$ cat work.cif   # mmCIF, C-alpha atoms
data_structure
loop_
_atom_site.label_atom_id
_atom_site.label_comp_id
_atom_site.auth_asym_id
_atom_site.auth_seq_id
_atom_site.Cartn_x
_atom_site.Cartn_y
_atom_site.Cartn_z
CA MET A 1 -34.75 -47.50 -74.05
CA GLU A 2 -31.71 -45.46 -75.06
CA ILE A 3 -30.29 -45.91 -71.57
CA VAL A 4 -30.49 -49.72 -71.91
CA ILE A 5 -28.69 -49.68 -75.26
CA LEU A 6 -25.95 -47.46 -73.79
CA ILE A 7 -25.40 -49.84 -70.88
CA VAL A 8 -25.09 -52.85 -73.22
CA VAL A 9 -22.52 -51.04 -75.38
CA LEU A 10 -20.43 -50.14 -72.33
CA LEU A 11 -20.45 -53.79 -71.14
CA VAL A 12 -19.24 -55.00 -74.56
CA VAL A 13 -16.41 -52.46 -74.54
CA VAL A 14 -15.31 -53.48 -70.99
CA ILE A 15 -15.34 -57.17 -71.84
CA GLY A 16 -13.28 -56.53 -74.99
CA LEU A 17 -10.66 -54.52 -73.12
CA THR A 18 -10.36 -57.19 -70.41
CA ALA A 19 -9.84 -59.99 -72.95
CA GLY A 20 -7.12 -58.02 -74.73
CA ALA A 21 -5.26 -57.41 -71.50
CA VAL A 22 -5.31 -61.12 -70.65
CA THR A 23 -3.98 -62.04 -74.09
CA LEU A 24 -1.10 -59.58 -73.80
CA ALA A 25 -0.23 -60.90 -70.34
CA ARG A 26 -0.02 -64.47 -71.64
CA ARG A 27 2.21 -63.39 -74.53
CA ASP A 28 4.63 -61.61 -72.20
CA ARG A 29 4.84 -64.52 -69.71
CA PRO A 30 8.18 -66.49 -70.14
CA ARG A 31 7.83 -70.01 -71.45
CA PRO A 32 8.88 -72.78 -69.03
CA VAL A 33 12.07 -74.69 -69.98
CA PRO A 34 11.37 -78.42 -70.36
CA ARG A 35 13.17 -80.59 -67.75
CA SER A 36 15.45 -83.37 -68.96
CA THR A 37 14.31 -86.88 -68.11
CA GLY A 38 17.82 -88.38 -68.33
CA ARG A 39 16.73 -90.88 -71.00
CA THR A 40 17.99 -91.08 -74.58
CA THR A 41 15.32 -91.35 -77.22
CA THR A 42 15.98 -92.81 -80.64
CA LEU A 43 14.41 -90.63 -83.28
CA PRO A 44 12.53 -92.19 -86.23
CA PRO A 45 13.85 -91.66 -89.77
CA SER A 46 12.65 -88.51 -91.49
CA ARG A 47 13.33 -86.56 -94.65
CA PRO A 48 16.87 -85.20 -95.07
CA ALA A 49 17.48 -81.89 -93.37
CA THR A 50 17.74 -78.90 -95.59
CA ASP A 51 20.72 -77.55 -93.66
CA ALA A 52 22.83 -80.72 -94.03
CA PRO A 53 26.26 -79.98 -95.57
CA THR A 54 26.63 -80.68 -99.27
CA GLU A 55 29.29 -82.99 -100.74
CA GLU A 56 31.19 -79.92 -101.91
CA ALA A 57 31.15 -78.48 -98.41
CA VAL A 58 32.38 -81.73 -96.90
CA ALA A 59 35.16 -81.93 -99.49
CA GLU A 60 36.24 -78.42 -98.58
CA GLY A 61 36.19 -79.19 -94.86
CA ALA A 62 33.14 -77.02 -94.08
CA ALA A 63 31.39 -77.87 -90.84
CA ALA A 64 27.66 -78.46 -90.54
CA PRO A 65 25.70 -75.76 -88.73
CA GLU A 66 25.17 -76.29 -85.02
CA VAL A 67 21.85 -77.87 -84.08
CA GLU A 68 20.19 -78.99 -80.88
CA ARG A 69 21.14 -82.65 -80.23
CA ALA A 70 17.89 -83.38 -78.40
CA GLY A 71 15.86 -82.93 -81.59
CA GLY A 72 15.41 -80.85 -84.67
CA ALA A 73 16.43 -81.27 -88.26
CA GLY A 74 20.11 -81.87 -87.54
CA ALA A 75 19.42 -84.79 -85.21
CA GLU A 76 16.95 -86.31 -87.64
CA ALA A 77 19.56 -86.10 -90.39
CA ASP A 78 22.07 -87.95 -88.18
CA VAL A 79 19.63 -90.78 -87.62
CA GLU A 80 18.61 -91.15 -91.25
CA LEU A 81 22.12 -90.96 -92.66
CA GLY A 82 23.47 -93.43 -90.06
CA VAL A 83 25.90 -90.88 -88.62
CA GLU A 84 26.98 -91.69 -85.08
CA PRO A 85 28.73 -88.72 -83.46
CA GLY A 86 32.22 -89.53 -82.18
CA ILE A 87 32.53 -92.90 -83.94
CA GLU A 88 35.73 -91.91 -85.73
CA GLU A 89 37.44 -90.97 -82.48
CA GLU A 90 36.38 -94.27 -80.82
CA THR A 91 37.68 -96.29 -83.76
CA LEU A 92 41.01 -94.55 -83.55
CA ASP A 93 41.19 -95.29 -79.80
CA LEU A 94 40.45 -99.00 -80.38
CA ASP A 95 43.08 -99.21 -83.09
CA ALA A 96 45.65 -97.66 -80.77
CA GLU A 97 44.72 -100.07 -77.97
CA LEU A 98 45.02 -103.07 -80.28
CA GLU A 99 48.41 -101.86 -81.46
CA GLN A 100 49.57 -101.61 -77.85
CA LEU A 101 48.41 -105.16 -77.14
CA LEU A 102 50.22 -106.49 -80.18
CA GLU A 103 53.40 -104.72 -79.14
CA ALA A 104 53.11 -105.82 -75.49
CA PRO A 105 55.95 -108.05 -74.25
CA PRO A 106 55.19 -111.78 -73.89
CA LEU A 107 53.98 -113.12 -70.56
CA VAL A 108 56.78 -113.92 -68.11
CA LYS A 109 56.70 -117.11 -66.09
CA PRO A 110 56.02 -116.41 -62.41
CA SER A 111 59.00 -116.61 -60.09
CA PHE A 112 59.08 -118.37 -56.74
CA ARG A 113 60.31 -115.20 -55.09
CA GLU A 114 57.29 -113.13 -56.10
CA ARG A 115 54.72 -115.85 -55.37
CA LEU A 116 55.94 -117.33 -52.05
CA GLY A 117 55.24 -114.27 -49.93
CA LYS A 118 53.28 -116.16 -47.25
CA ALA A 119 55.92 -118.82 -46.70
CA ARG A 120 58.70 -116.24 -46.71
CA GLY A 121 56.75 -114.05 -44.28
CA LEU A 122 56.50 -116.90 -41.78
CA LEU A 123 60.27 -117.40 -41.74
CA ALA A 124 61.20 -113.72 -41.89
CA GLY A 125 60.57 -113.04 -38.21
CA TYR A 126 62.62 -116.02 -37.04
CA LEU A 127 65.49 -115.28 -39.39
CA GLY A 128 65.51 -111.65 -38.30
CA GLN A 129 65.86 -112.67 -34.66
CA VAL A 130 68.71 -115.03 -35.49
CA ARG A 131 70.59 -112.25 -37.28
CA SER A 132 70.07 -109.81 -34.41
CA ARG A 133 70.93 -112.01 -31.43
CA GLY A 134 73.65 -114.29 -32.74
CA ILE A 135 74.01 -118.05 -32.27
CA ASP A 136 73.03 -119.56 -28.91
CA GLU A 137 70.75 -122.28 -27.62
CA GLU A 138 67.65 -120.12 -28.04
CA THR A 139 68.60 -119.60 -31.67
CA TRP A 140 68.39 -123.32 -32.36
CA GLU A 141 65.01 -123.48 -30.65
CA GLN A 142 63.74 -120.64 -32.83
CA LEU A 143 64.98 -122.34 -35.99
CA GLU A 144 63.30 -125.59 -34.99
CA GLU A 145 60.02 -123.80 -34.31
CA ALA A 146 60.22 -122.05 -37.68
CA LEU A 147 60.76 -125.33 -39.57
CA ILE A 148 57.93 -127.09 -37.74
CA ARG A 149 55.52 -124.21 -38.37
CA ALA A 150 56.46 -124.36 -42.05
CA ASP A 151 55.29 -128.01 -41.96
CA VAL A 152 58.68 -129.59 -42.49
CA GLY A 153 57.69 -132.07 -39.76
CA VAL A 154 59.10 -132.71 -36.30
CA GLU A 155 61.37 -135.61 -37.23
CA GLU A 156 62.69 -133.97 -40.37
CA SER A 157 63.25 -130.65 -38.57
CA THR A 158 65.19 -132.36 -35.79
CA ALA A 159 67.35 -134.33 -38.25
CA LEU A 160 67.97 -131.21 -40.32
CA LEU A 161 69.13 -129.13 -37.35
CA ASP A 162 71.32 -131.95 -36.01
CA ASP A 163 73.17 -131.97 -39.32
CA LEU A 164 73.40 -128.18 -39.23
CA ARG A 165 74.83 -128.15 -35.69
CA ALA A 166 77.48 -130.65 -36.71
CA TRP A 167 78.43 -128.56 -39.73
CA VAL A 168 78.63 -125.36 -37.66
CA ARG A 169 80.98 -127.04 -35.18
CA GLU A 170 83.11 -128.58 -37.90
CA GLN A 171 83.49 -125.30 -39.79
CA SER A 172 83.69 -123.16 -36.62
CA LEU A 173 80.97 -120.83 -37.87
CA GLN A 174 80.26 -117.84 -35.62
CA GLU A 175 78.32 -115.27 -37.64
CA PRO A 176 74.51 -115.64 -37.94
CA ASP A 177 74.59 -115.07 -41.70
CA GLU A 178 77.12 -117.90 -42.08
CA VAL A 179 74.84 -120.27 -40.19
CA LEU A 180 71.79 -119.26 -42.24
CA ASP A 181 73.76 -119.72 -45.48
CA ALA A 182 74.76 -123.18 -44.26
CA LEU A 183 71.08 -123.94 -43.57
CA LYS A 184 70.17 -122.88 -47.12
CA ASP A 185 72.86 -125.11 -48.60
CA LEU A 186 71.71 -128.03 -46.47
CA LEU A 187 68.08 -127.61 -47.58
CA LYS A 188 69.11 -127.43 -51.24
CA ALA A 189 71.19 -130.60 -50.84
CA ARG A 190 68.26 -132.47 -49.30
CA LEU A 191 65.98 -131.45 -52.16
CA GLY A 192 68.55 -132.14 -54.85
CA GLY A 193 69.50 -135.30 -56.69
CA GLN A 194 66.04 -136.02 -58.14
CA ASP A 195 64.91 -136.38 -61.74
CA ARG A 196 62.08 -133.88 -62.04
CA SER A 197 61.50 -134.21 -65.78
CA LEU A 198 58.22 -135.52 -67.14
CA ARG A 199 58.86 -138.77 -68.98
CA LEU A 200 57.64 -138.92 -72.57
CA ASP A 201 58.89 -141.91 -74.59
CA GLU A 202 59.05 -141.70 -78.37
CA GLY A 203 57.25 -144.20 -80.60
CA THR A 204 54.64 -145.15 -78.03
CA THR A 205 51.30 -143.96 -76.64
CA ASN A 206 52.36 -142.35 -73.37
CA VAL A 207 49.81 -142.25 -70.56
CA TRP A 208 49.99 -139.84 -67.65
CA LEU A 209 47.59 -140.65 -64.81
CA PHE A 210 46.55 -137.93 -62.37
CA VAL A 211 45.45 -139.15 -58.93
CA GLY A 212 44.58 -137.59 -55.60
CA VAL A 213 41.83 -136.86 -53.10
CA ASN A 214 38.81 -134.65 -53.71
CA GLY A 215 39.24 -130.94 -54.19
CA VAL A 216 43.00 -130.73 -54.78
CA GLY A 217 42.64 -129.54 -58.39
CA LYS A 218 43.28 -132.69 -60.46
CA THR A 219 41.03 -131.80 -63.39
CA THR A 220 42.40 -128.27 -63.60
CA THR A 221 45.93 -129.63 -63.41
CA VAL A 222 45.21 -132.06 -66.28
CA GLY A 223 43.94 -129.15 -68.36
CA LYS A 224 46.96 -126.97 -67.61
CA VAL A 225 49.44 -129.75 -68.36
CA GLY A 226 47.61 -130.52 -71.60
CA ARG A 227 47.76 -126.88 -72.66
CA GLN A 228 51.49 -126.77 -71.97
CA GLN A 229 52.22 -130.02 -73.81
CA GLN A 230 50.18 -128.88 -76.82
CA ASP A 231 52.18 -125.65 -76.89
CA LEU A 232 55.35 -127.75 -76.90
CA GLY A 233 54.17 -129.48 -80.05
CA HIS A 234 52.90 -132.76 -78.59
CA ARG A 235 49.56 -134.15 -79.74
CA CYS A 236 47.46 -134.84 -76.68
CA LEU A 237 44.19 -136.52 -75.78
CA MET A 238 42.41 -135.85 -72.49
CA ALA A 239 40.41 -138.75 -71.03
CA ALA A 240 37.71 -137.85 -68.51
CA GLY A 241 38.20 -140.76 -66.11
CA ASP A 242 36.33 -138.92 -63.36
CA THR A 243 32.87 -140.28 -64.14
CA PHE A 244 31.37 -139.53 -60.73
CA ARG A 245 31.61 -135.74 -60.48
CA ALA A 246 29.02 -134.29 -62.83
CA ALA A 247 30.99 -131.24 -63.93
CA ALA A 248 34.39 -132.95 -64.25
CA ALA A 249 33.94 -134.06 -67.86
CA GLU A 250 32.56 -130.70 -68.97
CA GLN A 251 35.40 -128.90 -67.25
CA LEU A 252 38.02 -131.09 -68.90
CA GLU A 253 36.32 -130.79 -72.29
CA THR A 254 36.56 -127.01 -72.03
CA TRP A 255 40.30 -127.27 -71.37
CA ALA A 256 40.66 -129.60 -74.36
CA GLU A 257 38.84 -127.20 -76.66
CA ARG A 258 40.95 -124.26 -75.51
CA SER A 259 44.24 -126.10 -75.96
CA GLY A 260 43.35 -127.92 -79.20
CA ALA A 261 43.63 -131.39 -77.64
CA ASP A 262 41.36 -134.33 -78.40
CA PHE A 263 38.88 -135.50 -75.78
CA VAL A 264 37.14 -138.70 -74.69
CA ARG A 265 34.44 -139.11 -72.06
CA GLY A 266 32.01 -141.76 -70.90
CA ALA A 267 28.52 -141.83 -69.45
CA GLU A 268 28.04 -140.58 -65.91
CA GLY A 269 28.91 -143.38 -63.48
CA ALA A 270 30.67 -145.45 -66.15
CA ASP A 271 33.70 -147.60 -65.41
CA PRO A 272 36.66 -145.17 -65.35
CA SER A 273 39.02 -147.91 -66.55
CA ALA A 274 36.95 -148.34 -69.72
CA VAL A 275 36.95 -144.60 -70.41
CA VAL A 276 40.72 -144.38 -70.02
CA PHE A 277 41.29 -147.43 -72.22
CA ASP A 278 38.98 -146.03 -74.93
CA GLY A 279 41.02 -142.86 -74.88
CA ILE A 280 44.27 -144.82 -75.23
CA GLN A 281 42.97 -146.79 -78.22
CA ARG A 282 41.77 -143.63 -79.92
CA ALA A 283 45.09 -141.90 -79.30
CA ALA A 284 47.03 -144.86 -80.69
CA ALA A 285 44.83 -145.02 -83.79
CA ARG A 286 45.38 -141.31 -84.52
CA GLY A 287 49.06 -141.22 -83.69
CA TYR A 288 48.86 -139.00 -80.60
CA ASP A 289 51.90 -138.72 -78.34
CA LEU A 290 50.19 -138.45 -74.99
CA VAL A 291 47.04 -139.41 -73.11
CA LEU A 292 46.27 -137.34 -70.00
CA ALA A 293 43.88 -139.35 -67.84
CA ASP A 294 41.88 -137.68 -65.10
CA THR A 295 40.57 -139.84 -62.24
CA ALA A 296 37.89 -139.32 -59.64
CA GLY A 297 38.96 -137.91 -56.30
CA ARG A 298 38.91 -140.45 -53.50
CA LEU A 299 39.91 -140.60 -49.88
CA HIS A 300 43.12 -142.54 -49.40
CA THR A 301 41.46 -144.38 -46.48
CA LYS A 302 38.70 -145.94 -48.64
CA THR A 303 39.95 -149.42 -49.55
CA ASN A 304 37.41 -150.12 -52.29
CA LEU A 305 38.11 -146.84 -54.08
CA MET A 306 41.85 -147.39 -53.92
CA GLU A 307 41.33 -150.86 -55.44
CA GLU A 308 39.43 -149.24 -58.29
CA LEU A 309 42.37 -146.91 -58.84
CA ARG A 310 44.72 -149.90 -58.99
CA LYS A 311 42.51 -151.30 -61.75
CA VAL A 312 42.72 -148.04 -63.71
CA ARG A 313 46.49 -148.18 -63.41
CA ARG A 314 46.65 -151.78 -64.71
CA VAL A 315 44.28 -151.18 -67.61
CA ALA A 316 46.08 -148.00 -68.68
CA ASP A 317 49.33 -149.94 -68.98
CA ARG A 318 47.91 -152.51 -71.40
CA ASP A 319 48.99 -152.40 -75.01
CA PRO A 320 48.90 -149.95 -76.77
CA GLY A 321 49.13 -147.84 -73.61
CA ASN A 322 52.37 -147.12 -71.78
CA VAL A 323 52.06 -145.45 -68.36
CA THR A 324 55.12 -143.24 -68.08
CA GLU A 325 53.91 -140.93 -65.31
CA VAL A 326 51.56 -141.28 -62.34
CA LEU A 327 51.27 -137.79 -60.90
CA LEU A 328 49.87 -137.34 -57.42
CA VAL A 329 48.16 -133.95 -57.09
CA LEU A 330 48.42 -132.52 -53.57
CA ASP A 331 47.09 -129.30 -52.10
CA ALA A 332 49.97 -127.50 -50.37
CA VAL A 333 47.53 -126.03 -47.85
CA THR A 334 46.90 -129.49 -46.35
CA GLY A 335 50.49 -129.70 -45.12
CA GLN A 336 51.35 -132.90 -43.28
CA ASN A 337 48.01 -134.46 -44.21
CA GLY A 338 49.36 -134.61 -47.74
CA LEU A 339 52.12 -136.91 -46.53
CA ALA A 340 49.63 -139.57 -45.45
CA GLN A 341 47.83 -139.25 -48.78
CA ALA A 342 51.08 -139.65 -50.67
CA LYS A 343 51.91 -142.90 -48.87
CA GLU A 344 48.60 -144.58 -49.73
CA PHE A 345 48.49 -143.43 -53.35
CA THR A 346 52.11 -144.48 -53.88
CA GLU A 347 51.34 -148.00 -52.71
CA ALA A 348 48.26 -148.21 -54.95
CA THR A 349 49.56 -146.72 -58.19
CA ASP A 350 53.37 -146.43 -58.07
CA VAL A 351 53.40 -142.64 -58.04
CA THR A 352 56.29 -141.21 -60.04
CA GLY A 353 55.96 -137.55 -59.12
CA VAL A 354 53.98 -134.94 -57.21
CA VAL A 355 52.15 -131.86 -58.44
CA LEU A 356 51.85 -129.44 -55.52
CA THR A 357 49.03 -126.96 -56.11
CA LYS A 358 48.31 -123.65 -54.35
CA LEU A 359 51.88 -123.26 -53.13
CA ASP A 360 51.47 -119.50 -53.46
CA GLY A 361 48.57 -119.49 -51.00
CA THR A 362 50.14 -121.15 -47.98
CA ALA A 363 53.00 -120.82 -45.52
CA LYS A 364 53.33 -124.63 -45.33
CA GLY A 365 55.85 -125.03 -48.12
CA GLY A 366 57.98 -127.30 -45.95
CA ILE A 367 55.87 -130.25 -47.02
CA VAL A 368 58.11 -130.58 -50.09
CA LEU A 369 60.94 -131.74 -47.80
CA ALA A 370 58.78 -134.25 -45.98
CA ILE A 371 57.43 -135.78 -49.21
CA GLN A 372 60.77 -136.12 -50.90
CA ASN A 373 62.78 -137.32 -47.91
CA ASP A 374 60.19 -139.66 -46.38
CA LEU A 375 58.88 -141.15 -49.62
CA GLY A 376 61.59 -140.41 -52.17
CA ILE A 377 58.99 -138.93 -54.56
CA PRO A 378 60.17 -135.86 -56.48
CA ILE A 379 58.07 -132.71 -56.66
CA LYS A 380 57.80 -132.19 -60.43
CA LEU A 381 55.32 -129.33 -60.81
CA VAL A 382 54.04 -126.63 -58.48
CA GLY A 383 51.13 -124.25 -58.80
CA LEU A 384 51.96 -120.59 -58.21
CA GLY A 385 48.65 -119.11 -59.40
CA GLU A 386 45.45 -119.70 -61.32
CA THR A 387 46.48 -119.67 -64.99
CA ALA A 388 48.11 -122.43 -67.04
CA ASP A 389 51.35 -120.43 -67.10
CA ASP A 390 51.40 -120.48 -63.28
CA LEU A 391 51.97 -124.25 -63.21
CA VAL A 392 55.76 -124.44 -63.35
CA PRO A 393 58.54 -127.02 -62.91
CA PHE A 394 59.78 -127.23 -59.34
CA ASP A 395 63.23 -125.71 -58.90
CA PRO A 396 64.68 -126.52 -55.43
CA ASP A 397 67.36 -123.82 -55.53
CA GLU A 398 64.92 -121.09 -56.56
CA PHE A 399 62.42 -122.34 -53.98
CA ILE A 400 64.91 -122.15 -51.08
CA ASP A 401 66.33 -118.82 -52.20
CA ALA A 402 62.79 -117.40 -52.28
CA LEU A 403 62.16 -118.49 -48.68
CA PHE A 404 65.34 -116.80 -47.44
CA ALA A 405 65.09 -113.69 -49.65
#

$ encode --input "work.cif" --output "structure tokens"
Amino acid sequence: MEIVILIVVLLVVVIGLTAGAVTLARRDRPRPVPRSTGRTTTLPPSRPATDAPTEEAVAEGAAAPEVERAGGAGAEADVELGVEPGIEEETLDLDAELEQLLEAPPLVKPSFRERLGKARGLLAGYLGQVRSRGIDEETWEQLEEALIRADVGVEESTALLDDLRAWVREQSLQEPDEVLDALKDLLKARLGGQDRSLRLDEGTTNVWLFVGVNGVGKTTTVGKVGRQQQDLGHRCLMAAGDTFRAAAAEQLETWAERSGADFVRGAEGADPSAVVFDGIQRAAARGYDLVLADTAGRLHTKTNLMEELRKVRRVADRDPGNVTEVLLVLDAVTGQNGLAQAKEFTEATDVTGVVLTKLDGTAKGGIVLAIQNDLGIPIKLVGLGETADDLVPFDPDEFIDALFA
């Protein structure tokens, strides 16, 4: 019996020693470091931390004790007190940025030289060859090819070079630079002598109609012109005469809101003449200077659509309206195709001027010569970019100088 009791006691002692050893081993084992999940957690509000700086400490410039940003009393205090670390520095940065914007110089109108890179690039190779080889029969062939590729047109290119040859003989010009300077002067003379101003009569409700085929940028051009005229102090109304393209009215309304102009639209598919006339009556009643009337794009070969445009033109000229400009919007990329469009629209609506869009995106700038010399219609505005400030008056001298720069 005593032996049994002794054995039981020994077992209890062994078990106790083993348990103690295990406990000590667990205490000595290093704790694993928690891995970051990469997510930011917003802590709930809690009681103020006891180690937050007092008002006296803040007044004296004392810093709060360092705490772990992932949690702990310091982080909880930040959440409850609405403190956002770094907010003061960000505010200072925003103030400095705003100050820089306010002190920034005003936007500069784009120049032909910086925007006509494609057209100038097309001519550069030909002009370089002329300067390097001198004046011979091959030189004239190269100049003719350059003008035709720039979409001046075969007939106009031939007539232009015939005049240049005669001038070279008369003046006995020998140097390539002299001949190229003579070509520049001849081009400027052919583009000169036109009134490129936009007519705006005082004491009447002026109406400017914008016409053209689909996709040339009529609605955008109306919006840009309206913005510019508003900035000049004229009171404008935009009439959404394009009642067939679903987004045309919304697009024009956005331009009107941005520029501060008034706006009139009709139901989808409504008579465009009625919409334009409603806009004219509203403008006259409110004393506006100018009505800018958008029209639906139409192919110049569609007789019925061109007849509808004639009707819009007649209605817009009824009292109290006074049509002082009919602006044909052409895409410069279309080149000689624009010449055929110009002929048909001129016959239908008595076009008074051309707005040539996307001139910065094409090498076919020679179309300006064909339009003016074949039809006698002045280029009044050209698009050199996307913004309203990129629609600029056409300057023949600056245009030619940019091509030869």

$ resolve_selection --input "work.cif" --expression "the PyMOL selection byres ((chain A and resi 344) around 12)" --output "JSON list (two decimals) with C-alpha atoms, in the frame of the given file"
[["chain", "number", "residue", "atom", "x", "y", "z"],
["A", 211, "VAL", "CA", 45.45, -139.15, -58.93],
["A", 212, "GLY", "CA", 44.58, -137.59, -55.60],
["A", 213, "VAL", "CA", 41.83, -136.86, -53.10],
["A", 298, "ARG", "CA", 38.91, -140.45, -53.50],
["A", 299, "LEU", "CA", 39.91, -140.60, -49.88],
["A", 300, "HIS", "CA", 43.12, -142.54, -49.40],
["A", 301, "THR", "CA", 41.46, -144.38, -46.48],
["A", 302, "LYS", "CA", 38.70, -145.94, -48.64],
["A", 303, "THR", "CA", 39.95, -149.42, -49.55],
["A", 305, "LEU", "CA", 38.11, -146.84, -54.08],
["A", 306, "MET", "CA", 41.85, -147.39, -53.92],
["A", 307, "GLU", "CA", 41.33, -150.86, -55.44],
["A", 309, "LEU", "CA", 42.37, -146.91, -58.84],
["A", 310, "ARG", "CA", 44.72, -149.90, -58.99],
["A", 328, "LEU", "CA", 49.87, -137.34, -57.42],
["A", 337, "ASN", "CA", 48.01, -134.46, -44.21],
["A", 338, "GLY", "CA", 49.36, -134.61, -47.74],
["A", 339, "LEU", "CA", 52.12, -136.91, -46.53],
["A", 340, "ALA", "CA", 49.63, -139.57, -45.45],
["A", 341, "GLN", "CA", 47.83, -139.25, -48.78],
["A", 342, "ALA", "CA", 51.08, -139.65, -50.67],
["A", 343, "LYS", "CA", 51.91, -142.90, -48.87],
["A", 345, "PHE", "CA", 48.49, -143.43, -53.35],
["A", 346, "THR", "CA", 52.11, -144.48, -53.88],
["A", 347, "GLU", "CA", 51.34, -148.00, -52.71],
["A", 348, "ALA", "CA", 48.26, -148.21, -54.95],
["A", 349, "THR", "CA", 49.56, -146.72, -58.19],
["A", 350, "ASP", "CA", 53.37, -146.43, -58.07],
["A", 351, "VAL", "CA", 53.40, -142.64, -58.04],
["A", 375, "LEU", "CA", 58.88, -141.15, -49.62]]

$ resolve_selection --input "work.cif" --expression "the PyMOL selection byres ((chain A and resi 383-388) around 6)" --output "ChimeraX atom specification"
/A:224,357-360,382,389-391

$ residues_around --input "work.cif" --residues "Val264 of chain A" --least-positions-apart "4" --cutoff "8 Å" --atoms "only C-alpha atoms" --output "ChimeraX atom specification"
/A:237-240,275,278-279

$ residues_around --input "work.cif" --residues "Ile280 of chain A" --least-positions-apart "6" --cutoff "9 Å" --atoms "all atoms listed in the file" --output "PyMOL selection string"
chain A and resi 205-207+237+239+290-291+316+319-321

$ residues_around --input "work.cif" --residues "Ala249 of chain A" --least-positions-apart "3" --cutoff "7 Å" --atoms "only C-alpha atoms" --output "list in words"
Ala240, Leu252, Glu253 and Arg265 of chain A

$ residues_around --input "work.cif" --residues "Val312 of chain A" --least-positions-apart "6" --cutoff "9 Å" --atoms "all atoms listed in the file" --output "number ranges by chain"
A: 209, 241, 272-274, 276-277, 295, 349

$ resolve_selection --input "work.cif" --expression "the PyMOL selection byres ((chain A and resi 163) around 12)" --output "list in words"
Glu156, Ser157, Thr158, Ala159, Leu160, Leu161, Asp162, Leu164, Arg165, Ala166, Trp167, Val168, Arg169, Glu170, Val179, Ala182, Leu183, Asp185, Leu186, Leu187, Ala189 and Arg190 of chain A

$ atom_distance --input "work.cif" --atom1 "atom CA of Gln228 of chain A" --atom2 "atom CA of Lys188 of chain A"
27.2 Å

$ residues_around --input "work.cif" --residues "Val368 of chain A" --least-positions-apart "5" --cutoff "10 Å" --atoms "all atoms listed in the file" --output "list of chain:residue names"
A:Asp151, A:Val152, A:Leu191, A:Ala332, A:Gly335, A:Gln336, A:Gly338, A:Leu339, A:Val354, A:Leu356, A:Asn373, A:Ile377, A:Pro378, A:Ile379, A:Phe394, A:Pro396

$ write_last_selection --input "work.cif" --atoms "C-alpha atoms" --output "short mmCIF file (atom, residue, chain, number, x, y, z; two decimals), in the frame of the given file"
data_model
loop_
_atom_site.label_atom_id
_atom_site.label_comp_id
_atom_site.auth_asym_id
_atom_site.auth_seq_id
_atom_site.Cartn_x
_atom_site.Cartn_y
_atom_site.Cartn_z
CA ASP A 151 55.29 -128.01 -41.96
CA VAL A 152 58.68 -129.59 -42.49
CA LEU A 191 65.98 -131.45 -52.16
CA ALA A 332 49.97 -127.50 -50.37
CA GLY A 335 50.49 -129.70 -45.12
CA GLN A 336 51.35 -132.90 -43.28
CA GLY A 338 49.36 -134.61 -47.74
CA LEU A 339 52.12 -136.91 -46.53
CA VAL A 354 53.98 -134.94 -57.21
CA LEU A 356 51.85 -129.44 -55.52
CA ASN A 373 62.78 -137.32 -47.91
CA ILE A 377 58.99 -138.93 -54.56
CA PRO A 378 60.17 -135.86 -56.48
CA ILE A 379 58.07 -132.71 -56.66
CA PHE A 394 59.78 -127.23 -59.34
CA PRO A 396 64.68 -126.52 -55.43
#

$ axis_aligned_box --input "work.cif" --around "segment 300-314 of chain A" --padding-each-side "3 Å" --output "JSON"
{"center_x": 42.0, "center_y": -147.2, "center_z": -55.6, "size_x": 15.2, "size_y": 15.2, "size_z": 24.2}
